[in-house]
>>> print(open('model06.txt').read())   # compact mmCIF, C-alpha atoms and all ligand atoms
# COMPACT_ATOMS: atom_id res chain seq x y z
CA MET M 33 0.00 0.00 0.00
CA ASN M 34 2.79 2.40 0.92
CA VAL M 35 4.72 1.42 -2.18
CA ALA M 36 1.62 2.11 -4.25
CA ASP M 37 1.14 5.50 -2.60
CA MET M 38 4.76 6.50 -3.22
CA ASP M 39 4.67 5.26 -6.81
CA ASP M 40 1.57 7.32 -7.40
CA LEU M 41 3.13 10.41 -5.87
CA ALA M 42 6.40 9.91 -7.76
CA ALA M 43 4.47 9.52 -11.00
CA ARG M 44 2.60 12.77 -10.40
CA LEU M 45 5.76 14.69 -9.49
CA ASN M 46 7.45 13.14 -12.48
CA ALA M 47 4.63 14.18 -14.79
CA ALA M 48 4.96 17.69 -13.37
CA GLY M 49 8.63 17.82 -14.36
CA GLY M 50 10.30 16.38 -11.27
CA ARG M 51 12.98 13.72 -11.39
CA ALA M 52 13.80 11.05 -8.80
CA VAL M 53 17.41 10.88 -7.59
CA ASP M 54 19.08 8.03 -5.70
CA ASP M 55 21.02 10.16 -3.25
CA PRO M 56 18.99 12.40 -0.90
CA ARG M 57 21.96 14.82 -0.85
CA GLN M 58 21.08 15.69 -4.45
CA ALA M 59 17.38 16.19 -3.80
CA ASP M 60 15.43 19.44 -3.48
CA LEU M 61 12.60 17.59 -1.82
CA VAL M 62 12.82 14.56 0.47
CA MET M 63 9.57 12.84 1.37
CA VAL M 64 9.54 10.11 4.01
CA ASN M 65 6.55 7.80 4.14
CA THR M 66 5.97 5.80 7.32
CA CYS M 67 4.31 2.61 8.53
CA THR M 68 2.93 1.95 11.99
CA VAL M 69 1.52 -1.55 11.67
CA ARG M 70 4.14 -2.91 14.09
CA ALA M 71 6.21 -1.03 16.68
CA LYS M 72 9.41 -1.86 14.79
CA ALA M 73 8.26 -0.03 11.66
CA GLU M 74 7.44 3.02 13.74
CA GLU M 75 10.87 2.97 15.41
CA LYS M 76 12.49 2.84 11.98
CA ALA M 77 10.62 5.99 11.02
CA TYR M 78 11.84 7.78 14.16
CA SER M 79 15.45 6.86 13.55
CA PHE M 80 15.21 7.92 9.91
CA PHE M 81 13.68 11.27 10.88
CA GLY M 82 16.59 11.69 13.31
CA GLU M 83 19.17 10.98 10.61
CA LEU M 84 17.68 13.63 8.35
CA LYS M 85 18.84 16.31 10.78
CA HIS M 86 22.30 16.28 9.25
CA LEU M 87 21.26 16.02 5.62
CA ARG M 88 22.81 18.75 3.47
CA ARG M 89 23.27 19.21 -0.25
CA ALA M 90 26.70 19.76 -1.84
CA ASP M 91 26.30 23.55 -1.43
CA GLY M 92 25.45 23.17 2.28
CA SER M 93 21.73 23.91 1.88
CA ARG M 94 18.96 21.69 3.18
CA PRO M 95 16.34 20.06 0.99
CA LEU M 96 12.71 20.52 1.98
CA LEU M 97 11.98 17.64 4.39
CA VAL M 98 8.50 16.15 4.48
CA GLY M 99 7.24 13.44 6.84
CA MET M 100 4.02 11.64 6.00
CA GLY M 101 2.06 8.42 6.26
CA CYS M 102 0.51 6.43 9.06
CA VAL M 103 2.83 7.51 11.89
CA VAL M 104 2.11 11.13 11.02
CA ASN M 105 -1.64 10.55 10.76
CA LYS M 106 -1.58 9.17 14.30
CA GLN M 107 0.66 11.63 16.13
CA ARG M 108 1.51 14.69 14.13
CA GLU M 109 1.94 17.10 17.10
CA GLU M 110 4.30 14.79 18.92
CA LEU M 111 6.44 14.35 15.81
CA ALA M 112 6.52 18.05 15.02
CA LYS M 113 7.83 18.71 18.53
CA ARG M 114 10.41 15.95 18.49
CA PHE M 115 11.79 16.47 14.97
CA LYS M 116 11.81 20.22 14.45
CA HIS M 117 14.12 19.96 11.43
CA LEU M 118 11.34 18.55 9.29
CA ASP M 119 9.55 21.26 7.35
CA LEU M 120 6.19 19.70 6.75
CA TRP M 121 4.01 16.90 8.09
CA LEU M 122 1.39 15.55 5.72
CA ASP M 123 -1.60 13.31 6.16
CA PHE M 124 -1.42 10.86 3.31
CA SER M 125 -4.99 9.62 3.57
CA ASP M 126 -5.95 12.19 0.94
CA PRO M 127 -3.44 12.07 -1.95
CA ASP M 128 -4.93 15.10 -3.70
CA GLY M 129 -4.49 17.10 -0.48
CA VAL M 130 -0.85 16.05 -0.36
CA LEU M 131 -0.21 17.62 -3.74
CA ALA M 132 -1.98 20.85 -2.81
CA ALA M 133 0.03 21.15 0.42
CA LEU M 134 3.26 20.42 -1.40
CA ARG M 135 2.58 23.04 -3.98
CA GLN M 136 2.16 25.63 -1.23
CA ALA M 137 5.29 24.65 0.65
CA PHE M 138 7.68 23.90 -2.17
CA ALA M 139 8.31 26.84 -4.47
CA PRO M 140 9.46 24.91 -7.55
CA LEU M 141 6.20 22.98 -7.54
CA SER M 142 4.01 26.05 -7.53
CA GLU M 143 5.11 26.63 -11.12
CA LEU M 144 4.31 23.12 -12.22
CA ASP M 145 0.93 22.07 -13.40
CA LEU M 146 -0.04 19.32 -11.03
CA ASP M 147 -3.62 19.37 -12.21
CA ALA M 148 -2.68 18.57 -15.77
CA GLU M 149 -4.37 15.38 -16.85
CA PHE M 150 -2.53 12.61 -15.08
CA THR M 151 -0.37 10.67 -17.48
CA PRO M 152 1.83 8.35 -15.48
CA ALA M 153 5.42 7.94 -16.58
CA LEU M 154 6.55 4.40 -15.96
CA ASP M 155 10.10 5.38 -15.27
CA THR M 156 9.75 7.37 -12.05
CA GLY M 157 13.02 6.08 -10.63
CA LEU M 158 11.02 3.84 -8.29
CA SER M 159 9.52 0.46 -9.13
CA PRO M 160 7.70 0.05 -12.44
CA LEU M 161 4.18 1.36 -11.94
CA ARG M 162 1.38 -1.13 -11.79
CA PHE M 163 -0.75 -0.30 -8.75
CA VAL M 164 -4.20 1.21 -8.59
CA THR M 165 -5.74 1.89 -5.19
CA ALA M 166 -9.41 0.95 -5.03
CA ILE M 167 -10.00 1.35 -1.30
CA ARG M 168 -8.35 3.68 1.19
CA GLY M 169 -8.60 2.97 4.92
CA CYS M 170 -10.38 0.00 6.49
CA ASN M 171 -13.60 -0.68 8.40
CA HIS M 172 -12.97 -4.22 9.50
CA GLY M 173 -11.56 -3.56 12.94
CA CYS M 174 -9.36 -6.60 13.63
CA ALA M 175 -8.62 -6.38 17.36
CA TYR M 176 -4.83 -6.11 16.96
CA CYS M 177 -4.70 -3.79 13.98
CA VAL M 178 -3.94 -0.08 13.90
CA VAL M 179 -4.80 0.39 10.22
CA PRO M 180 -8.36 1.75 10.79
CA ARG M 181 -6.91 4.31 13.18
CA ALA M 182 -3.85 5.19 11.11
CA ARG M 183 -5.55 5.24 7.72
CA GLY M 184 -9.11 6.06 8.72
CA PRO M 185 -12.40 4.43 7.73
CA GLN M 186 -12.91 2.74 4.39
CA ARG M 187 -13.23 5.08 1.44
CA ASP M 188 -13.91 3.48 -1.93
CA VAL M 189 -12.31 5.17 -4.90
CA PRO M 190 -15.09 5.68 -7.48
CA LEU M 191 -15.15 2.94 -10.11
CA LYS M 192 -14.78 5.52 -12.87
CA ARG M 193 -11.57 6.87 -11.38
CA ILE M 194 -10.11 3.39 -10.89
CA ILE M 195 -10.80 2.57 -14.53
CA ALA M 196 -9.33 5.88 -15.71
CA GLU M 197 -6.14 5.32 -13.69
CA ALA M 198 -5.84 1.73 -14.91
CA GLN M 199 -6.27 2.88 -18.51
CA ALA M 200 -3.66 5.60 -17.99
CA LEU M 201 -1.23 2.97 -16.71
CA GLU M 202 -1.98 0.78 -19.68
CA ARG M 203 -1.39 3.64 -22.13
CA ALA M 204 1.90 4.40 -20.40
CA GLY M 205 2.97 0.80 -21.06
CA ALA M 206 2.47 -0.93 -17.71
CA PRO M 207 2.62 -4.67 -18.43
CA ASP M 208 0.20 -5.69 -15.68
CA LEU M 209 -2.03 -4.27 -12.99
CA ALA M 210 -2.57 -4.77 -9.26
CA VAL M 211 -5.72 -3.41 -7.58
CA LEU M 212 -5.32 -2.64 -3.91
CA GLY M 213 -7.39 -2.37 -0.75
CA GLN M 214 -6.89 -3.47 2.87
CA ASN M 215 -9.77 -5.84 2.15
CA ILE M 216 -10.34 -5.55 -1.56
CA LEU M 217 -13.36 -7.89 -1.37
CA ALA M 218 -15.20 -5.16 0.56
CA TYR M 219 -15.11 -2.79 -2.42
CA GLY M 220 -18.38 -0.89 -2.64
CA THR M 221 -19.52 -1.42 0.95
CA THR M 222 -21.03 2.02 0.79
CA SER M 223 -23.73 0.99 -1.68
CA GLY M 224 -25.57 -2.27 -2.01
CA ASP M 225 -24.30 -5.82 -1.84
CA ARG M 226 -20.56 -5.48 -1.36
CA ARG M 227 -19.64 -8.90 -2.66
CA ARG M 228 -21.24 -8.13 -5.99
CA ARG M 229 -19.48 -4.78 -6.08
CA PHE M 230 -16.05 -6.45 -5.97
CA ILE M 231 -17.09 -8.68 -8.86
CA GLU M 232 -18.34 -5.64 -10.75
CA LEU M 233 -15.05 -3.81 -10.11
CA MET M 234 -12.97 -6.68 -11.45
CA GLU M 235 -15.27 -7.45 -14.40
CA THR M 236 -15.27 -3.78 -15.40
CA LEU M 237 -11.46 -3.70 -15.25
CA LEU M 238 -11.34 -6.85 -17.37
CA ALA M 239 -13.70 -5.32 -19.92
CA GLU M 240 -12.26 -1.81 -20.04
CA THR M 241 -8.53 -2.64 -20.07
CA GLY M 242 -6.41 -5.09 -22.00
CA PHE M 243 -4.05 -6.16 -19.22
CA ARG M 244 -2.97 -9.75 -19.56
CA TRP M 245 -2.52 -10.06 -15.79
CA ILE M 246 -4.63 -8.43 -13.09
CA THR M 247 -3.95 -9.05 -9.39
CA TYR M 248 -6.14 -8.05 -6.43
CA LEU M 249 -4.82 -7.56 -2.91
CA THR M 250 -5.69 -8.27 -0.05
CA SER M 251 -8.63 -10.62 0.54
CA LEU M 252 -10.31 -11.09 3.92
CA PRO M 253 -11.22 -14.81 4.08
CA GLY M 254 -14.71 -14.22 5.47
CA ASP M 255 -15.66 -12.21 2.38
CA LEU M 256 -14.42 -14.76 -0.16
CA THR M 257 -17.46 -16.46 -1.68
CA GLU M 258 -18.02 -19.28 -4.14
CA GLU M 259 -19.28 -16.78 -6.69
CA ILE M 260 -16.06 -14.75 -6.41
CA CYS M 261 -14.04 -17.96 -6.85
CA GLU M 262 -16.01 -18.88 -9.97
CA ARG M 263 -16.07 -15.47 -11.62
CA ILE M 264 -12.85 -13.77 -10.51
CA VAL M 265 -10.35 -16.21 -8.95
CA ALA M 266 -10.77 -18.59 -11.90
CA HIS M 267 -10.65 -15.95 -14.65
CA PRO M 268 -7.74 -16.52 -17.08
CA ARG M 269 -6.68 -12.84 -17.04
CA ILE M 270 -6.75 -12.72 -13.25
CA THR M 271 -3.44 -13.95 -11.79
CA PRO M 272 -3.40 -17.20 -9.77
CA LEU M 273 -2.13 -15.31 -6.71
CA LEU M 274 -4.58 -15.41 -3.81
CA HIS M 275 -3.30 -13.60 -0.73
CA LEU M 276 -5.66 -14.75 2.01
CA PRO M 277 -4.35 -13.87 5.48
CA LEU M 278 -5.30 -16.63 7.93
CA GLN M 279 -3.53 -15.10 10.99
CA SER M 280 -4.26 -18.02 13.33
CA GLY M 281 -5.30 -21.68 13.14
CA SER M 282 -7.25 -21.51 16.42
CA ASP M 283 -10.95 -20.65 16.21
CA ARG M 284 -10.89 -19.10 19.65
CA VAL M 285 -7.99 -16.81 18.76
CA LEU M 286 -9.61 -15.93 15.43
CA ALA M 287 -12.72 -14.89 17.36
CA ASP M 288 -10.66 -12.84 19.83
CA MET M 289 -8.90 -11.24 16.88
CA ARG M 290 -12.38 -10.36 15.47
CA ARG M 291 -11.44 -11.75 12.09
CA GLY M 292 -14.98 -12.81 11.21
CA TYR M 293 -14.34 -16.39 9.99
CA ASP M 294 -13.31 -19.75 11.43
CA MET M 295 -11.06 -22.58 10.27
CA ASN M 296 -13.96 -24.43 8.70
CA HIS M 297 -14.84 -21.52 6.45
CA TYR M 298 -11.18 -21.02 5.55
CA ARG M 299 -10.68 -24.70 4.69
CA ARG M 300 -13.85 -24.89 2.67
CA ILE M 301 -13.31 -21.73 0.64
CA VAL M 302 -9.65 -22.55 -0.12
CA ALA M 303 -10.67 -26.02 -1.31
CA TYR M 304 -13.27 -24.40 -3.55
CA ALA M 305 -10.84 -21.80 -4.88
CA ARG M 306 -8.36 -24.58 -5.71
CA GLN M 307 -11.08 -26.55 -7.44
CA CYS M 308 -11.95 -23.50 -9.57
CA ARG M 309 -8.31 -22.68 -10.17
CA PRO M 310 -5.93 -25.65 -10.02
CA ASP M 311 -2.87 -23.40 -10.46
CA LEU M 312 -3.85 -21.24 -7.47
CA TYR M 313 -0.82 -19.73 -5.69
CA LEU M 314 -1.94 -19.31 -2.10
CA THR M 315 -0.12 -16.93 0.24
CA THR M 316 -1.05 -15.79 3.71
CA ASP M 317 -0.19 -13.72 6.78
CA LEU M 318 0.26 -15.48 10.13
CA LEU M 319 0.39 -13.63 13.43
CA VAL M 320 1.72 -15.43 16.50
CA GLY M 321 1.70 -14.33 20.13
CA PHE M 322 -1.72 -12.66 20.14
CA PRO M 323 -2.44 -11.95 23.84
CA THR M 324 -4.92 -14.83 24.25
CA GLU M 325 -2.86 -17.35 22.25
CA THR M 326 -1.88 -20.41 24.32
CA GLU M 327 0.79 -22.91 23.38
CA ALA M 328 -2.02 -25.17 22.14
CA ASP M 329 -3.42 -22.37 19.96
CA PHE M 330 0.02 -21.85 18.49
CA ARG M 331 0.25 -25.60 17.73
CA ALA M 332 -3.12 -25.25 15.97
CA THR M 333 -1.62 -22.56 13.75
CA LEU M 334 1.31 -24.83 12.86
CA LEU M 335 -1.09 -27.67 12.06
CA ALA M 336 -3.33 -25.40 10.00
CA ALA M 337 -0.41 -24.03 7.99
CA GLU M 338 0.77 -27.55 7.21
CA GLU M 339 -2.73 -28.77 6.38
CA ILE M 340 -3.73 -25.86 4.13
CA GLY M 341 -0.36 -25.77 2.35
CA PHE M 342 0.64 -22.17 1.81
CA ASP M 343 2.98 -21.45 -1.06
CA ASP M 344 4.39 -18.53 0.89
CA ALA M 345 3.60 -16.66 4.08
CA PHE M 346 4.36 -13.40 5.82
CA MET M 347 4.81 -14.17 9.50
CA PHE M 348 4.77 -11.75 12.41
CA ALA M 349 5.03 -11.69 16.20
CA TYR M 350 2.27 -9.73 17.93
CA SER M 351 3.19 -6.10 18.47
CA GLU M 352 0.91 -4.17 20.80
CA ARG M 353 -0.48 -1.10 19.05
CA PRO M 354 -1.76 1.57 21.41
CA GLY M 355 -5.40 2.45 20.86
CA THR M 356 -6.39 -0.90 19.31
CA PRO M 357 -9.16 -3.02 20.92
CA ALA M 358 -6.63 -5.76 21.80
CA ALA M 359 -4.29 -3.30 23.52
CA ARG M 360 -7.19 -1.98 25.61
CA LYS M 361 -8.61 -5.37 26.46
CA TYR M 362 -5.56 -7.58 26.92
CA GLY M 363 -2.35 -5.54 26.86
CA ASP M 364 0.65 -7.61 25.84
CA PRO M 365 0.89 -10.45 28.38
CA LEU M 366 3.18 -12.87 26.52
CA PRO M 367 6.93 -12.46 27.09
CA ARG M 368 8.76 -11.24 24.01
CA ALA M 369 11.07 -14.26 24.06
CA GLU M 370 8.05 -16.59 23.98
CA LYS M 371 6.53 -14.76 21.02
CA LEU M 372 9.83 -14.83 19.16
CA ASP M 373 10.31 -18.56 19.87
CA ARG M 374 6.89 -19.24 18.35
CA LEU M 375 7.63 -16.99 15.40
CA HIS M 376 10.98 -18.63 14.67
CA GLU M 377 9.51 -22.12 14.90
CA LEU M 378 6.70 -21.16 12.53
CA ILE M 379 9.06 -19.49 10.06
CA ALA M 380 11.38 -22.53 10.01
CA ARG M 381 8.51 -24.98 9.45
CA GLN M 382 6.73 -22.83 6.87
CA ARG M 383 9.98 -22.34 4.97
CA GLU M 384 10.33 -26.13 4.62
CA TRP M 385 6.70 -26.60 3.55
CA GLY M 386 6.89 -23.69 1.14
CA LYS M 387 10.11 -25.01 -0.39
CA LEU M 388 8.56 -28.44 -1.00
CA ARG M 389 5.46 -26.89 -2.55
CA ASN M 390 7.47 -24.58 -4.77
CA HIS M 391 9.48 -27.51 -6.13
CA ARG M 392 6.48 -28.25 -8.34
CA PHE M 393 7.60 -25.41 -10.60
CA ILE M 394 11.00 -26.92 -11.43
CA GLY M 395 10.96 -27.86 -15.10
CA GLN M 396 7.81 -25.82 -15.74
CA ARG M 397 7.69 -23.06 -18.32
CA LEU M 398 6.34 -19.84 -16.88
CA ALA M 399 5.55 -16.46 -18.41
CA VAL M 400 7.33 -13.66 -16.55
CA ILE M 401 7.58 -9.89 -16.70
CA VAL M 402 11.17 -8.62 -16.80
CA GLU M 403 11.73 -6.10 -14.01
CA HIS M 404 15.42 -5.15 -14.20
CA VAL M 405 18.32 -6.09 -16.41
CA ASP M 406 21.58 -5.85 -14.54
CA GLY M 407 24.57 -6.89 -16.65
CA ALA M 408 24.26 -10.58 -17.47
CA VAL M 409 21.38 -11.22 -15.06
CA ALA M 410 17.75 -10.21 -15.31
CA VAL M 411 15.21 -10.24 -12.52
CA ALA M 412 11.71 -11.02 -13.66
CA ARG M 413 8.52 -11.90 -11.79
CA THR M 414 5.91 -14.55 -12.36
CA SER M 415 2.18 -13.86 -12.49
CA PHE M 416 2.10 -14.78 -8.78
CA ASN M 417 4.82 -12.20 -8.07
CA LYS M 418 7.75 -14.54 -7.46
CA PRO M 419 11.13 -13.08 -8.47
CA VAL M 420 12.95 -15.19 -11.07
CA HIS M 421 16.65 -14.71 -11.83
CA LEU M 422 17.54 -15.57 -15.41
CA PRO M 423 20.15 -14.79 -18.06
CA ALA M 424 19.62 -11.28 -19.39
CA ALA M 425 20.50 -11.90 -23.02
CA GLY M 426 17.86 -10.40 -25.29
CA LEU M 427 15.55 -9.37 -22.44
CA LYS M 428 14.15 -5.89 -21.89
CA ALA M 429 12.65 -4.46 -18.70
CA GLY M 430 8.86 -4.15 -18.81
CA GLU M 431 8.37 -6.96 -21.34
CA TYR M 432 6.97 -10.45 -21.08
CA ALA M 433 9.32 -13.39 -21.51
CA LEU M 434 9.16 -17.15 -21.13
CA THR M 435 11.38 -19.01 -18.70
CA GLU M 436 11.96 -22.60 -17.68
CA ILE M 437 12.37 -22.85 -13.92
CA THR M 438 15.60 -24.60 -12.91
CA SER M 439 15.52 -24.12 -9.14
CA ALA M 440 12.94 -22.90 -6.67
CA LYS M 441 13.37 -21.48 -3.21
CA VAL M 442 10.40 -20.07 -1.31
CA SER M 443 11.28 -16.48 -1.93
CA SER M 444 12.75 -16.66 -5.43
CA PHE M 445 13.27 -18.90 -8.43
CA ALA M 446 16.03 -19.28 -11.01
CA GLY M 447 15.31 -20.00 -14.63
CA ASN M 448 16.66 -20.37 -18.17
CA ALA M 449 15.50 -18.16 -20.97
CA VAL M 450 13.24 -19.97 -23.42
CA PRO M 451 13.36 -18.50 -26.92
N1 LIG W 501 -5.53 -5.57 5.56
C1 LIG W 501 -4.15 -5.91 5.36
C2 LIG W 501 -3.42 -5.76 6.65
C3 LIG W 501 -2.20 -5.05 6.47
S1 LIG W 501 -1.16 -5.38 7.79
C4 LIG W 501 -4.03 -7.33 4.95
O1 LIG W 501 -4.93 -8.10 5.24
O2 LIG W 501 -2.98 -7.69 4.36
C5 LIG W 501 -0.39 -6.86 7.21
C6 LIG W 501 -0.24 -7.91 8.28
O3 LIG W 501 0.44 -7.40 9.41
C7 LIG W 501 -1.54 -8.44 8.86
O4 LIG W 501 -2.17 -9.35 8.03
C8 LIG W 501 -1.08 -9.05 10.16
O5 LIG W 501 -0.64 -10.38 9.98
C9 LIG W 501 0.12 -8.18 10.52
N2 LIG W 501 -0.21 -7.30 11.64
C10 LIG W 501 -1.19 -6.39 11.71
N3 LIG W 501 -1.21 -5.82 12.93
C11 LIG W 501 -0.24 -6.40 13.65
C12 LIG W 501 0.23 -6.26 14.99
N4 LIG W 501 -0.35 -5.43 15.84
N5 LIG W 501 1.28 -7.03 15.39
C13 LIG W 501 1.85 -7.89 14.53
N6 LIG W 501 1.46 -8.07 13.27
C14 LIG W 501 0.41 -7.34 12.83
>>> encode(input="model06.txt", output="structure tokens")
Amino acid sequence: MNVADMDDLAARLNAAGGRAVDDPRQADLVMVNTCTVRAKAEEKAYSFFGELKHLRRADGSRPLLVGMGCVVNKQREELAKRFKHLDLWLDFSDPDGVLAALRQAFAPLSELDLDAEFTPALDTGLSPLRFVTAIRGCNHGCAYCVVPRARGPQRDVPLKRIIAEAQALERAGAPDLAVLGQNILAYGTTSGDRRRRFIELMETLLAETGFRWITYLTSLPGDLTEEICERIVAHPRITPLLHLPLQSGSDRVLADMRRGYDMNHYRRIVAYARQCRPDLYLTTDLLVGFPTETEADFRATLLAAEEIGFDDAFMFAYSERPGTPAARKYGDPLPRAEKLDRLHELIARQREWGKLRNHRFIGQRLAVIVEHVDGAVAVARTSFNKPVHLPAAGLKAGEYALTEITSAKVSSFAGNAVP
């Protein structure tokens, strides 16, 4: 989500005549986006803000320093007091507002036409553009999660605007598209039957754009229905990637987390999705050490992960987020060492399971999009977003290629070029 926000901002600044540089000492404007989903991310933001104090350009002047994102949305006053060397603090929940505030604060921008019709440039100096945000904020209210507080309630981007942005990306040459929302399946909650609205969003994108691959992220398991599996998950131009965060394998912990589904639903809907889409690539998020998680609950998560068979997983230890329902109700009773032991055990086991599952790709021919060419090696990604390292000869960034997978780890593959 943050990557998408920064790509979008970079594209707009780029279109207005700006240029990204690698070294902040060459920049006129330094914008720092922040994440607050776990305490560690927030600490990183503080230390980075601290480092900026000494940033100077070659002529000794300071670039304009802007802090923004979730940490700022939550505690702007505190930050402004603690890091006085930053010039501007921006709430990123309204991207149009960010541009207006920037134009006021940053003289060179006031001359640029930021309202000119948005034509994204793919080469912004950041990652190749492919994201469209469909939902900002979140209404779900998982007990542990700070997102609703940091990003605000769910706001659906109007369908028309999503389509226009997707078409602009396509015209600019983006090879594929990813549509984003904290729970993308809840698109359109504001009017009518939300499950149908997600289907309508995806079917409109399929009809109004020519992308060969469209990905949707992230899906809350309780909102995944058989109809969505049949019409969207199984669609040939929708990628096989299904990111379906399970969080815990214990029904009691899932209820305490206020996730809104149980293991039975999860099992059933994954089986159905796999039946509709045999090449499904299933990834998940797992969160260990939730305040009410016992050793037995943790074992249930291990069993569930093995039983379901995730191709990849993002795994986290519980981090108490002030202001969340779980922080108010339970605090953070488990010792850090205990949480980390559980996390490390889960990561080690999941890595083994994931590696075995990913071996199925060895010898397979997969279409990939080339991301970077660096000397003799190219990095490409599969439709399910797995990096593939392959020989660069004849390959160009941004294009589709065919590769035969020669080795597969969980986090990346290696392949040969197939002419
Ligand atoms: N709606 C997004 C959530 C983004 S946060 C999604 O479903 O992907 C990504 C992951 O961070 C969550 O799925 C959860 O596993 C983890 N997470 C969220 N809050 C956390 C917390 N307080 N401590 C540890 N991990 C957390």
>>> residues_near_ligand(input="model06.txt", ligand="ligand LIG 501 (chain W)", cutoff="6 Å", atoms="all atoms listed in the file", output="list of chain:residue names")
M:Val69, M:Arg70, M:Tyr176, M:Cys177, M:Gln214, M:Asn215, M:Thr250, M:Pro277, M:Gln279, M:Asp317, M:Leu318, M:Leu319, M:Phe348, M:Ala349, M:Tyr350, M:Ser351, M:Glu352, M:Arg353
>>> closest_residue(input="model06.txt", among="M:Pro272, M:Glu327, M:Glu338, M:Val179", to="Thr356 (chain M)", atoms="only C-alpha atoms")
M:Val179
>>> residues_around(input="model06.txt", residues="Asp406 (chain M)", least_positions_apart="2", cutoff="10 Å", atoms="only C-alpha atoms", output="ChimeraX atom specification")
/M:403-404,408-411,423-424,429
>>> write_last_selection(input="model06.txt", atoms="C-alpha atoms", output="mmCIF file, in the frame of the given file")
data_model
loop_
_atom_site.group_PDB
_atom_site.id
_atom_site.type_symbol
_atom_site.label_atom_id
_atom_site.label_comp_id
_atom_site.auth_asym_id
_atom_site.auth_seq_id
_atom_site.Cartn_x
_atom_site.Cartn_y
_atom_site.Cartn_z
ATOM 1 C CA GLU M 403 11.730 -6.100 -14.010
ATOM 2 C CA HIS M 404 15.420 -5.150 -14.200
ATOM 3 C CA ALA M 408 24.260 -10.580 -17.470
ATOM 4 C CA VAL M 409 21.380 -11.220 -15.060
ATOM 5 C CA ALA M 410 17.750 -10.210 -15.310
ATOM 6 C CA VAL M 411 15.210 -10.240 -12.520
ATOM 7 C CA PRO M 423 20.150 -14.790 -18.060
ATOM 8 C CA ALA M 424 19.620 -11.280 -19.390
ATOM 9 C CA ALA M 429 12.650 -4.460 -18.700
#
>>> axis_aligned_box(input="model06.txt", around="region 119-122 of chain M", padding_each_side="6 Å", output="JSON")
{"center_x": 5.5, "center_y": 18.4, "center_z": 6.9, "size_x": 20.2, "size_y": 17.7, "size_z": 14.4}
>>> residues_near_point(input="model06.txt", point="(-4.9, -8.7, -2.2)", cutoff="9 Å", atoms="only C-alpha atoms", output="ChimeraX atom specification")
/M:210-217,247-252,273-276
>>> residues_around(input="model06.txt", residues="Ala90 (chain M)", least_positions_apart="4", cutoff="10 Å", atoms="all atoms listed in the file", output="ChimeraX atom specification")
/M:57-58,94
>>> atom_distance(input="model06.txt", atom1="CA of Asp188 (chain M)", atom2="CA of Arg229 (chain M)")
10.8 Å
>>> closest_residue(input="model06.txt", among="M:Met295, M:Thr221, M:Gly430, M:Tyr304", to="Cys261 (chain M)", atoms="all atoms listed in the file")
M:Tyr304
>>> closest_residue(input="model06.txt", among="M:Ala139, M:Cys308, M:Ala206, M:Ala345", to="Val402 (chain M)", atoms="all atoms listed in the file")
M:Ala206
>>> closest_residue(input="model06.txt", among="M:Arg381, M:Arg162, M:Arg168, M:His421", to="Ala43 (chain M)", atoms="all atoms listed in the file")
M:Arg162
>>> residues_around(input="model06.txt", residues="Asn417 (chain M)", least_positions_apart="2", cutoff="10 Å", atoms="all atoms listed in the file", output="JSON, numbers by chain")
{"M": [247, 271, 272, 273, 313, 400, 401, 412, 413, 414, 415, 419, 420, 443, 444]}
>>> atom_distance(input="model06.txt", atom1="CA of Ser79 (chain M)", atom2="CA of Ala36 (chain M)")
23.0 Å
>>> residues_around(input="model06.txt", residues="Gly169 (chain M)", least_positions_apart="6", cutoff="8 Å", atoms="all atoms listed in the file", output="ChimeraX atom specification")
/M:125,179-180,183-187,213-214
>>> atom_distance(input="model06.txt", atom1="CA of Arg269 (chain M)", atom2="CA of Leu41 (chain M)")
27.6 Å
>>> residues_around(input="model06.txt", residues="Arg193 (chain M)", least_positions_apart="2", cutoff="12 Å", atoms="all atoms listed in the file", output="JSON, numbers by chain")
{"M": [150, 164, 165, 166, 167, 188, 189, 190, 191, 195, 196, 197, 198, 199, 200, 233, 236, 237]}
>>> closest_residue(input="model06.txt", among="M:Leu256, M:Leu388, M:Ala175, M:Leu131", to="Thr324 (chain M)", atoms="only C-alpha atoms")
M:Ala175
>>> closest_residue(input="model06.txt", among="M:Gly281, M:Gly50, M:Gly363, M:Pro310", to="Phe330 (chain M)", atoms="all atoms listed in the file")
M:Gly281
